Structure formats: C-alpha cells, structure tokens
Amino acid sequence: MPVFHHGPVELAYLDEGRGEPIVLIHGFASSKEVNWVQPGWFATLKAAGRRVTALDDRGHGQSTKLYEPADYHTSKMASDVRALLDHLGLPRVDVMGYSMGARIAAFLALEHPDRVRSLILGGLGLHLIDGVGLPESIADALEAPSLADVADPQGRVFRAFADQTKSDRRALAACIRGSRQVLTREQAASIRTPTLIAVGTRDPIAGSPEALAEVMPNARALPIPDRDHMLAVGDKAFKAGVLQVLQENA
C-alpha cells in the first residue's frame, strides 16, 4: 500500500488507472476501500478512462490516528489532499468527496481553487453552510463501552459502522469533534468551480442540494432517488451523473 507523509501524518492511498486524474475523498468513519472500491467507483471511473486516486483521511483506514480534535480541522484535512496532489505531481484534478469528504473537497476548492478542475459533492448539500450534518453526539456513541449502551438511533448506526470497519473509535470521536467547520454563504458563493451536488432524496443528514446549488454560481443539484445517506454512495444514478459531469468538463 503506497503511503506519503504530510508533516508528521502518514497517509495511505490508492492510485490506479490511466487518463485524466480524479481524486476521491471518503466520508466519516469510512476508508478508501469502503467508500470507493467496494461500491464500484474505482471500476466505474477506470472503465471511463480515468486515473483514480483515493486516500485514507487522517484518523481513518491505514493513515495515522490522531487524538486531538484540533488535528482534524477541515482545512488541515484539505491540506492533506493538496499534499497528495503535490506528492503525485498532479497540478489540477477533478475532486469528488462524500459526506465529510465533500466538506473537505469544498474547503480544498475554496483554499486552492487552482488545483480543482471540477467538484463533486456527494452526501452534502446546504449543511455545507447551514449546520454540519452529523451531530457531535456521535462521538459519545463511539466512546460508549459497547453498541448496546448507545440509545441514540443515529449514534447506533455510526457506532455499528465503526465496529464493522474495525476503526479506531477514539480517533473518530476526535475527528467528529474537530471537523465541524462550515463555509459562510459568501465563501460558498465564491467557489466558481463547476460543481455537482448529489444527495439522496431520503438523506436526513446532508441538507438540500438544490438550496446549496442556488448559492454556488456554477453548481447544479442531482437528487439520487429513494436513497438515504448510506445507500446513495454506490447508486447507479449517482455514478451516471458523475460520469456526465466529468465528460462535460473534460
């Protein structure tokens, strides 16, 4: 598994295929394999003639685990992605993130607009600027002695997911406490990168994709029919919409 270092943080990544590069940023409590390989994104994008790169966010997968919330500020996580681009010698790429990864992608586009050719925000709509989506109470669920001790329904979902993926729950608790930044409406409006905002129509976490698309000047919404936050990730309609926007911006 290839790795690189960004300061003291070691980050694991995958880099496969040939063609125009796209970088994928996974969501909270997930990993590059769970979010992108297993749902077929690597296969889909490589079949479309793309070079596909995905990293394990700090605190996740095979990357360094950190236990201070301040280490997970969204700008720091966006700078990890920029460091990956530098490591691979990629001056400008398409970027797709899901949920927390979409937030990181948006911060990357805001802070390093010259590096992002097109932007795909999956599982994150208006909560990019109005609320942060996942509640901080999920940290308490992650720190509970066992799943049986978690009463909150949403907390139970993420605790079960973290257990299933054998994640470092202490690192994830620090991450969700430290990565709760939002963009102002003015900051979101300043992102002129062509953007697709894809959210399941049964997703209670992301916020409205249409409302965010109204704020961002070069954005459009893609509702993913009858999918919630978890099931939208590998949906065929999501993949078709992404392939279309990538072709338009080629």
# chains A, B, ... in the order shown; residues from 1 in each chain; ligands from 1

$ select_by_dssp --residues "region 85-174 of chain A" --states "alpha helix (DSSP H)" --output "NGL selection string"
:A and (85-88 or 100-111 or 137-143 or 153-164 or 169-174)

$ residues_around --residues "Thr44 (chain A)" --least-positions-apart "3" --cutoff "9 Å" --atoms "only C-alpha atoms" --output "list of chain:residue names"
A:Gly40, A:Trp41, A:Ala47, A:Ala48, A:Lys239, A:Leu243

$ atom_distance --atom1 "CA of Arg51 (chain A)" --atom2 "CA of Glu20 (chain A)"
5.7 Å

$ residues_around --residues "Thr64 (chain A)" --least-positions-apart "6" --cutoff "12 Å" --atoms "only C-alpha atoms" --output "CSV table (one decimal) with N, CA and C atoms, in the first residue's frame"
chain,number,residue,atom,x,y,z
A,3,VAL,N,2.2,5.0,0.6
A,3,VAL,CA,1.9,6.0,1.6
A,3,VAL,C,2.8,7.2,1.3
A,4,PHE,N,2.5,8.3,1.9
A,4,PHE,CA,3.3,9.5,1.8
A,4,PHE,C,3.1,10.3,3.2
A,5,HIS,N,4.0,11.2,3.4
A,5,HIS,CA,4.0,11.9,4.7
A,5,HIS,C,3.7,13.4,4.4
A,6,HIS,N,2.7,13.9,5.2
A,6,HIS,CA,2.4,15.3,5.2
A,6,HIS,C,2.7,15.8,6.6
A,7,GLY,N,3.9,16.4,6.8
A,7,GLY,CA,4.4,16.7,8.2
A,7,GLY,C,4.5,15.3,8.9
A,8,PRO,N,3.9,15.3,10.2
A,8,PRO,CA,4.0,14.1,11.0
A,8,PRO,C,3.0,13.0,10.6
A,9,VAL,N,2.1,13.3,9.7
A,9,VAL,CA,1.0,12.4,9.4
A,9,VAL,C,1.3,11.5,8.2
A,10,GLU,N,1.2,10.2,8.3
A,10,GLU,CA,1.4,9.3,7.2
A,10,GLU,C,0.0,9.0,6.7
A,11,LEU,N,-0.1,9.1,5.4
A,11,LEU,CA,-1.4,8.9,4.7
A,11,LEU,C,-1.3,7.8,3.6
A,12,ALA,N,-2.2,6.8,3.7
A,12,ALA,CA,-2.2,5.8,2.8
A,12,ALA,C,-3.1,6.1,1.6
A,55,LEU,N,-7.4,8.6,-1.0
A,55,LEU,CA,-6.6,8.5,0.2
A,55,LEU,C,-7.4,8.1,1.4
A,56,ASP,N,-6.8,7.5,2.4
A,56,ASP,CA,-7.4,7.4,3.7
A,56,ASP,C,-7.2,8.7,4.5
A,57,ASP,N,-8.3,9.3,4.8
A,57,ASP,CA,-8.2,10.6,5.6
A,57,ASP,C,-7.5,10.3,6.9
A,58,ARG,N,-6.8,11.3,7.4
A,58,ARG,CA,-6.2,11.2,8.7
A,58,ARG,C,-7.2,10.7,9.7
A,71,ASP,N,-6.5,18.5,15.5
A,71,ASP,CA,-5.8,17.9,14.4
A,71,ASP,C,-6.7,17.6,13.2
A,72,TYR,N,-8.0,17.7,13.4
A,72,TYR,CA,-9.0,17.3,12.4
A,72,TYR,C,-9.7,18.5,11.8
A,80,ASP,N,-4.1,17.9,3.5
A,80,ASP,CA,-3.6,16.6,3.2
A,80,ASP,C,-3.9,16.2,1.8
A,167,SER,N,-12.6,0.3,13.0
A,167,SER,CA,-12.0,1.6,13.0
A,167,SER,C,-11.5,2.0,14.4
A,168,ASP,N,-10.6,2.9,14.5
A,168,ASP,CA,-10.1,3.4,15.8
A,168,ASP,C,-11.2,4.4,16.3
A,171,ALA,N,-10.0,7.8,17.7
A,171,ALA,CA,-9.6,8.8,16.7
A,171,ALA,C,-10.9,9.4,16.0
A,172,LEU,N,-11.9,8.5,15.7
A,172,LEU,CA,-13.1,9.0,15.1
A,172,LEU,C,-13.8,10.0,15.9

$ closest_atom_pairs --of "region 41-156 of chain A" --to "region 212-227 of chain A" --cutoff "12 Å" --atoms "only C-alpha atoms" --output "tab-separated table"
residue	atom	partner	partner_atom	distance
A:Ala106	CA	A:Met216	CA	11.0
A:Ala109	CA	A:Met216	CA	12.0
A:Leu110	CA	A:Met216	CA	11.5
A:Ser118	CA	A:Asn218	CA	9.9
A:Leu119	CA	A:Ala219	CA	8.9
A:Ile120	CA	A:Ala219	CA	9.4
A:Leu121	CA	A:Ala221	CA	9.5
A:Gly122	CA	A:Leu222	CA	9.2
A:Gly123	CA	A:Ile224	CA	9.7
A:Leu124	CA	A:Leu212	CA	9.0
A:Gly125	CA	A:Leu212	CA	5.6
A:Leu126	CA	A:Leu212	CA	4.7
A:His127	CA	A:Leu212	CA	8.2
A:Leu128	CA	A:Leu212	CA	7.9
A:Ile129	CA	A:Leu212	CA	8.1
A:Asp130	CA	A:Leu212	CA	9.4

$ write_last_selection --atoms "N, CA and C atoms" --output "CSV table (one decimal), in the first residue's frame"
chain,number,residue,atom,x,y,z
A,106,ALA,N,-14.8,20.7,-0.6
A,106,ALA,CA,-15.3,22.1,-0.8
A,106,ALA,C,-14.2,23.1,-0.2
A,109,ALA,N,-11.4,23.3,-2.7
A,109,ALA,CA,-11.8,24.2,-3.8
A,109,ALA,C,-11.7,25.7,-3.4
A,110,LEU,N,-12.1,26.0,-2.2
A,110,LEU,CA,-12.1,27.4,-1.7
A,110,LEU,C,-10.7,27.8,-1.5
A,118,SER,N,-13.0,20.3,-11.5
A,118,SER,CA,-14.4,20.2,-11.2
A,118,SER,C,-14.6,19.6,-9.8
A,119,LEU,N,-15.7,19.8,-9.2
A,119,LEU,CA,-16.0,19.5,-7.9
A,119,LEU,C,-17.3,18.7,-7.8
A,120,ILE,N,-17.2,17.5,-7.1
A,120,ILE,CA,-18.4,16.7,-6.9
A,120,ILE,C,-18.6,16.5,-5.4
A,121,LEU,N,-19.7,17.0,-4.9
A,121,LEU,CA,-20.1,17.0,-3.5
A,121,LEU,C,-21.2,15.9,-3.4
A,122,GLY,N,-20.9,14.7,-2.8
A,122,GLY,CA,-21.8,13.7,-2.6
A,122,GLY,C,-22.2,13.7,-1.1
A,123,GLY,N,-23.5,13.5,-0.8
A,123,GLY,CA,-24.0,13.4,0.5
A,123,GLY,C,-23.8,14.6,1.4
A,124,LEU,N,-23.7,15.8,0.7
A,124,LEU,CA,-23.6,17.1,1.4
A,124,LEU,C,-24.3,18.1,0.6
A,125,GLY,N,-25.3,18.7,1.1
A,125,GLY,CA,-26.0,19.8,0.5
A,125,GLY,C,-25.8,21.1,1.3
A,126,LEU,N,-27.0,21.7,1.7
A,126,LEU,CA,-26.9,23.0,2.3
A,126,LEU,C,-26.2,23.0,3.7
A,127,HIS,N,-26.1,21.8,4.2
A,127,HIS,CA,-25.3,21.7,5.5
A,127,HIS,C,-23.8,22.0,5.4
A,128,LEU,N,-23.4,22.2,4.2
A,128,LEU,CA,-22.0,22.8,4.0
A,128,LEU,C,-21.9,24.2,4.6
A,129,ILE,N,-23.0,24.9,4.6
A,129,ILE,CA,-23.0,26.3,5.1
A,129,ILE,C,-24.0,26.5,6.2
A,130,ASP,N,-25.0,25.6,6.4
A,130,ASP,CA,-26.0,25.8,7.4
A,130,ASP,C,-26.1,24.5,8.2

$ residues_around --residues "Leu108 (chain A)" --least-positions-apart "6" --cutoff "12 Å" --atoms "only C-alpha atoms" --output "PyMOL selection string"
chain A and resi 23+25+74-83+85+92-97+101-102+114-121+183+187-188+191+193

$ write_last_selection --atoms "C-alpha atoms" --output "PDB file, in the first residue's frame"
ATOM      1  CA  VAL A  23      -9.147  12.300  -6.567  1.00  0.00           C
ATOM      2  CA  ILE A  25     -12.170  11.770  -0.531  1.00  0.00           C
ATOM      3  CA  THR A  74     -11.302  20.669   7.861  1.00  0.00           C
ATOM      4  CA  SER A  75      -8.621  22.960   6.429  1.00  0.00           C
ATOM      5  CA  LYS A  76      -5.935  20.591   7.743  1.00  0.00           C
ATOM      6  CA  MET A  77      -7.687  17.644   6.106  1.00  0.00           C
ATOM      7  CA  ALA A  78      -7.977  19.606   2.855  1.00  0.00           C
ATOM      8  CA  SER A  79      -4.261  20.345   3.047  1.00  0.00           C
ATOM      9  CA  ASP A  80      -3.640  16.578   3.230  1.00  0.00           C
ATOM     10  CA  VAL A  81      -5.335  16.259  -0.159  1.00  0.00           C
ATOM     11  CA  ARG A  82      -3.291  19.121  -1.588  1.00  0.00           C
ATOM     12  CA  ALA A  83      -0.154  17.403  -0.264  1.00  0.00           C
ATOM     13  CA  LEU A  85      -1.534  16.143  -5.315  1.00  0.00           C
ATOM     14  CA  ARG A  92      -5.035  20.135 -11.357  1.00  0.00           C
ATOM     15  CA  VAL A  93      -7.620  17.382 -10.872  1.00  0.00           C
ATOM     16  CA  ASP A  94     -11.292  16.616 -10.646  1.00  0.00           C
ATOM     17  CA  VAL A  95     -12.246  16.080  -6.996  1.00  0.00           C
ATOM     18  CA  MET A  96     -15.118  14.038  -5.563  1.00  0.00           C
ATOM     19  CA  GLY A  97     -15.920  13.761  -1.873  1.00  0.00           C
ATOM     20  CA  GLY A 101     -15.145  14.093   2.280  1.00  0.00           C
ATOM     21  CA  ALA A 102     -17.381  16.506   0.371  1.00  0.00           C
ATOM     22  CA  ASP A 114      -6.217  26.390  -8.998  1.00  0.00           C
ATOM     23  CA  ARG A 115      -5.911  22.695  -8.098  1.00  0.00           C
ATOM     24  CA  VAL A 116      -9.578  21.727  -8.636  1.00  0.00           C
ATOM     25  CA  ARG A 117     -10.935  21.434 -12.176  1.00  0.00           C
ATOM     26  CA  SER A 118     -14.392  20.197 -11.201  1.00  0.00           C
ATOM     27  CA  LEU A 119     -16.002  19.459  -7.860  1.00  0.00           C
ATOM     28  CA  ILE A 120     -18.437  16.695  -6.933  1.00  0.00           C
ATOM     29  CA  LEU A 121     -20.097  16.950  -3.529  1.00  0.00           C
ATOM     30  CA  LEU A 183     -18.389  27.749   4.928  1.00  0.00           C
ATOM     31  CA  GLN A 187     -17.355  31.670   0.776  1.00  0.00           C
ATOM     32  CA  ALA A 188     -19.556  29.085  -0.924  1.00  0.00           C
ATOM     33  CA  ILE A 191     -16.352  28.859  -5.421  1.00  0.00           C
ATOM     34  CA  THR A 193     -15.512  25.639  -9.941  1.00  0.00           C
TER      35      THR A 193
END

$ closest_residue --among "A:Val52, A:Met230, A:Leu246, A:Ala29" --to "Asp203 (chain A)" --atoms "only C-alpha atoms"
A:Met230

$ atom_distance --atom1 "CA of Arg103 (chain A)" --atom2 "CA of Val182 (chain A)"
8.0 Å

$ atom_distance --atom1 "CA of Val132 (chain A)" --atom2 "CA of Ile176 (chain A)"
10.1 Å

$ closest_residue --among "A:Lys32, A:Arg50, A:Arg156, A:His73" --to "Ala250 (chain A)" --atoms "only C-alpha atoms"
A:Arg50

$ closest_residue --among "A:Ala232, A:Ala240, A:Leu14, A:Ala139" --to "Gly178 (chain A)" --atoms "only C-alpha atoms"
A:Ala139

$ select_by_dssp --residues "region 43-232 of chain A" --states "strand (DSSP E or B)" --output "PyMOL selection string"
chain A and resi 50-55+93-98+116-122+195-200+219-224

$ write_last_selection --atoms "N, CA and C atoms" --output "PDB file, in the first residue's frame"
ATOM      1  N   ARG A  50     -10.268   6.984 -16.701  1.00  0.00           N
ATOM      2  CA  ARG A  50      -9.736   7.934 -15.741  1.00  0.00           C
ATOM      3  C   ARG A  50      -8.642   7.310 -14.870  1.00  0.00           C
ATOM      4  N   ARG A  51      -7.709   8.132 -14.457  1.00  0.00           N
ATOM      5  CA  ARG A  51      -6.769   7.777 -13.386  1.00  0.00           C
ATOM      6  C   ARG A  51      -7.452   8.105 -12.065  1.00  0.00           C
ATOM      7  N   VAL A  52      -7.534   7.131 -11.164  1.00  0.00           N
ATOM      8  CA  VAL A  52      -8.328   7.272  -9.947  1.00  0.00           C
ATOM      9  C   VAL A  52      -7.412   7.173  -8.730  1.00  0.00           C
ATOM     10  N   THR A  53      -7.471   8.193  -7.893  1.00  0.00           N
ATOM     11  CA  THR A  53      -6.656   8.247  -6.686  1.00  0.00           C
ATOM     12  C   THR A  53      -7.571   8.503  -5.488  1.00  0.00           C
ATOM     13  N   ALA A  54      -7.334   7.782  -4.400  1.00  0.00           N
ATOM     14  CA  ALA A  54      -8.111   7.981  -3.182  1.00  0.00           C
ATOM     15  C   ALA A  54      -7.191   7.786  -1.981  1.00  0.00           C
ATOM     16  N   LEU A  55      -7.362   8.601  -0.973  1.00  0.00           N
ATOM     17  CA  LEU A  55      -6.561   8.476   0.234  1.00  0.00           C
ATOM     18  C   LEU A  55      -7.430   8.074   1.404  1.00  0.00           C
ATOM     19  N   VAL A  93      -6.879  18.637 -10.791  1.00  0.00           N
ATOM     20  CA  VAL A  93      -7.620  17.382 -10.872  1.00  0.00           C
ATOM     21  C   VAL A  93      -9.111  17.637 -10.665  1.00  0.00           C
ATOM     22  N   ASP A  94      -9.905  16.674 -11.082  1.00  0.00           N
ATOM     23  CA  ASP A  94     -11.292  16.616 -10.646  1.00  0.00           C
ATOM     24  C   ASP A  94     -11.299  16.033  -9.237  1.00  0.00           C
ATOM     25  N   VAL A  95     -12.204  16.512  -8.392  1.00  0.00           N
ATOM     26  CA  VAL A  95     -12.246  16.080  -6.996  1.00  0.00           C
ATOM     27  C   VAL A  95     -13.675  15.682  -6.636  1.00  0.00           C
ATOM     28  N   MET A  96     -13.814  14.493  -6.051  1.00  0.00           N
ATOM     29  CA  MET A  96     -15.118  14.038  -5.563  1.00  0.00           C
ATOM     30  C   MET A  96     -15.000  13.623  -4.106  1.00  0.00           C
ATOM     31  N   GLY A  97     -15.872  14.153  -3.272  1.00  0.00           N
ATOM     32  CA  GLY A  97     -15.920  13.761  -1.873  1.00  0.00           C
ATOM     33  C   GLY A  97     -17.313  13.328  -1.488  1.00  0.00           C
ATOM     34  N   TYR A  98     -17.387  12.511  -0.444  1.00  0.00           N
ATOM     35  CA  TYR A  98     -18.699  12.094   0.049  1.00  0.00           C
ATOM     36  C   TYR A  98     -18.823  12.456   1.524  1.00  0.00           C
ATOM     37  N   VAL A 116      -8.325  22.478  -8.471  1.00  0.00           N
ATOM     38  CA  VAL A 116      -9.578  21.727  -8.636  1.00  0.00           C
ATOM     39  C   VAL A 116     -10.250  22.116  -9.945  1.00  0.00           C
ATOM     40  N   ARG A 117     -10.328  21.170 -10.871  1.00  0.00           N
ATOM     41  CA  ARG A 117     -10.935  21.434 -12.176  1.00  0.00           C
ATOM     42  C   ARG A 117     -12.454  21.338 -12.104  1.00  0.00           C
ATOM     43  N   SER A 118     -12.955  20.306 -11.460  1.00  0.00           N
ATOM     44  CA  SER A 118     -14.392  20.197 -11.201  1.00  0.00           C
ATOM     45  C   SER A 118     -14.568  19.588  -9.828  1.00  0.00           C
ATOM     46  N   LEU A 119     -15.744  19.817  -9.246  1.00  0.00           N
ATOM     47  CA  LEU A 119     -16.002  19.459  -7.860  1.00  0.00           C
ATOM     48  C   LEU A 119     -17.297  18.666  -7.773  1.00  0.00           C
ATOM     49  N   ILE A 120     -17.243  17.519  -7.125  1.00  0.00           N
ATOM     50  CA  ILE A 120     -18.437  16.695  -6.933  1.00  0.00           C
ATOM     51  C   ILE A 120     -18.642  16.515  -5.434  1.00  0.00           C
ATOM     52  N   LEU A 121     -19.750  17.042  -4.940  1.00  0.00           N
ATOM     53  CA  LEU A 121     -20.097  16.950  -3.529  1.00  0.00           C
ATOM     54  C   LEU A 121     -21.194  15.917  -3.381  1.00  0.00           C
ATOM     55  N   GLY A 122     -20.859  14.749  -2.837  1.00  0.00           N
ATOM     56  CA  GLY A 122     -21.849  13.703  -2.602  1.00  0.00           C
ATOM     57  C   GLY A 122     -22.240  13.673  -1.130  1.00  0.00           C
ATOM     58  N   THR A 195     -19.549  22.473 -10.343  1.00  0.00           N
ATOM     59  CA  THR A 195     -19.842  21.631  -9.183  1.00  0.00           C
ATOM     60  C   THR A 195     -21.129  20.849  -9.377  1.00  0.00           C
ATOM     61  N   LEU A 196     -21.083  19.568  -9.013  1.00  0.00           N
ATOM     62  CA  LEU A 196     -22.269  18.717  -8.943  1.00  0.00           C
ATOM     63  C   LEU A 196     -22.521  18.394  -7.481  1.00  0.00           C
ATOM     64  N   ILE A 197     -23.776  18.586  -7.043  1.00  0.00           N
ATOM     65  CA  ILE A 197     -24.148  18.324  -5.655  1.00  0.00           C
ATOM     66  C   ILE A 197     -25.166  17.190  -5.657  1.00  0.00           C
ATOM     67  N   ALA A 198     -24.739  16.001  -5.235  1.00  0.00           N
ATOM     68  CA  ALA A 198     -25.557  14.789  -5.348  1.00  0.00           C
ATOM     69  C   ALA A 198     -25.946  14.289  -3.960  1.00  0.00           C
ATOM     70  N   VAL A 199     -27.251  14.238  -3.702  1.00  0.00           N
ATOM     71  CA  VAL A 199     -27.753  13.858  -2.379  1.00  0.00           C
ATOM     72  C   VAL A 199     -28.966  12.955  -2.547  1.00  0.00           C
ATOM     73  N   GLY A 200     -29.030  11.902  -1.756  1.00  0.00           N
ATOM     74  CA  GLY A 200     -30.191  11.025  -1.770  1.00  0.00           C
ATOM     75  C   GLY A 200     -31.453  11.744  -1.329  1.00  0.00           C
ATOM     76  N   ALA A 219     -22.941  25.583  -9.959  1.00  0.00           N
ATOM     77  CA  ALA A 219     -23.330  24.289  -9.389  1.00  0.00           C
ATOM     78  C   ALA A 219     -24.709  23.869  -9.864  1.00  0.00           C
ATOM     79  N   ARG A 220     -24.912  22.559  -9.887  1.00  0.00           N
ATOM     80  CA  ARG A 220     -26.249  22.025 -10.120  1.00  0.00           C
ATOM     81  C   ARG A 220     -26.478  20.827  -9.200  1.00  0.00           C
ATOM     82  N   ALA A 221     -27.735  20.588  -8.897  1.00  0.00           N
ATOM     83  CA  ALA A 221     -28.099  19.528  -7.964  1.00  0.00           C
ATOM     84  C   ALA A 221     -28.446  18.244  -8.709  1.00  0.00           C
ATOM     85  N   LEU A 222     -28.121  17.116  -8.081  1.00  0.00           N
ATOM     86  CA  LEU A 222     -28.510  15.800  -8.582  1.00  0.00           C
ATOM     87  C   LEU A 222     -29.177  15.038  -7.445  1.00  0.00           C
ATOM     88  N   PRO A 223     -30.507  15.030  -7.398  1.00  0.00           N
ATOM     89  CA  PRO A 223     -31.183  14.207  -6.400  1.00  0.00           C
ATOM     90  C   PRO A 223     -31.019  12.720  -6.768  1.00  0.00           C
ATOM     91  N   ILE A 224     -30.633  11.907  -5.795  1.00  0.00           N
ATOM     92  CA  ILE A 224     -30.476  10.468  -6.010  1.00  0.00           C
ATOM     93  C   ILE A 224     -31.745   9.799  -5.486  1.00  0.00           C
TER      94      ILE A 224
END
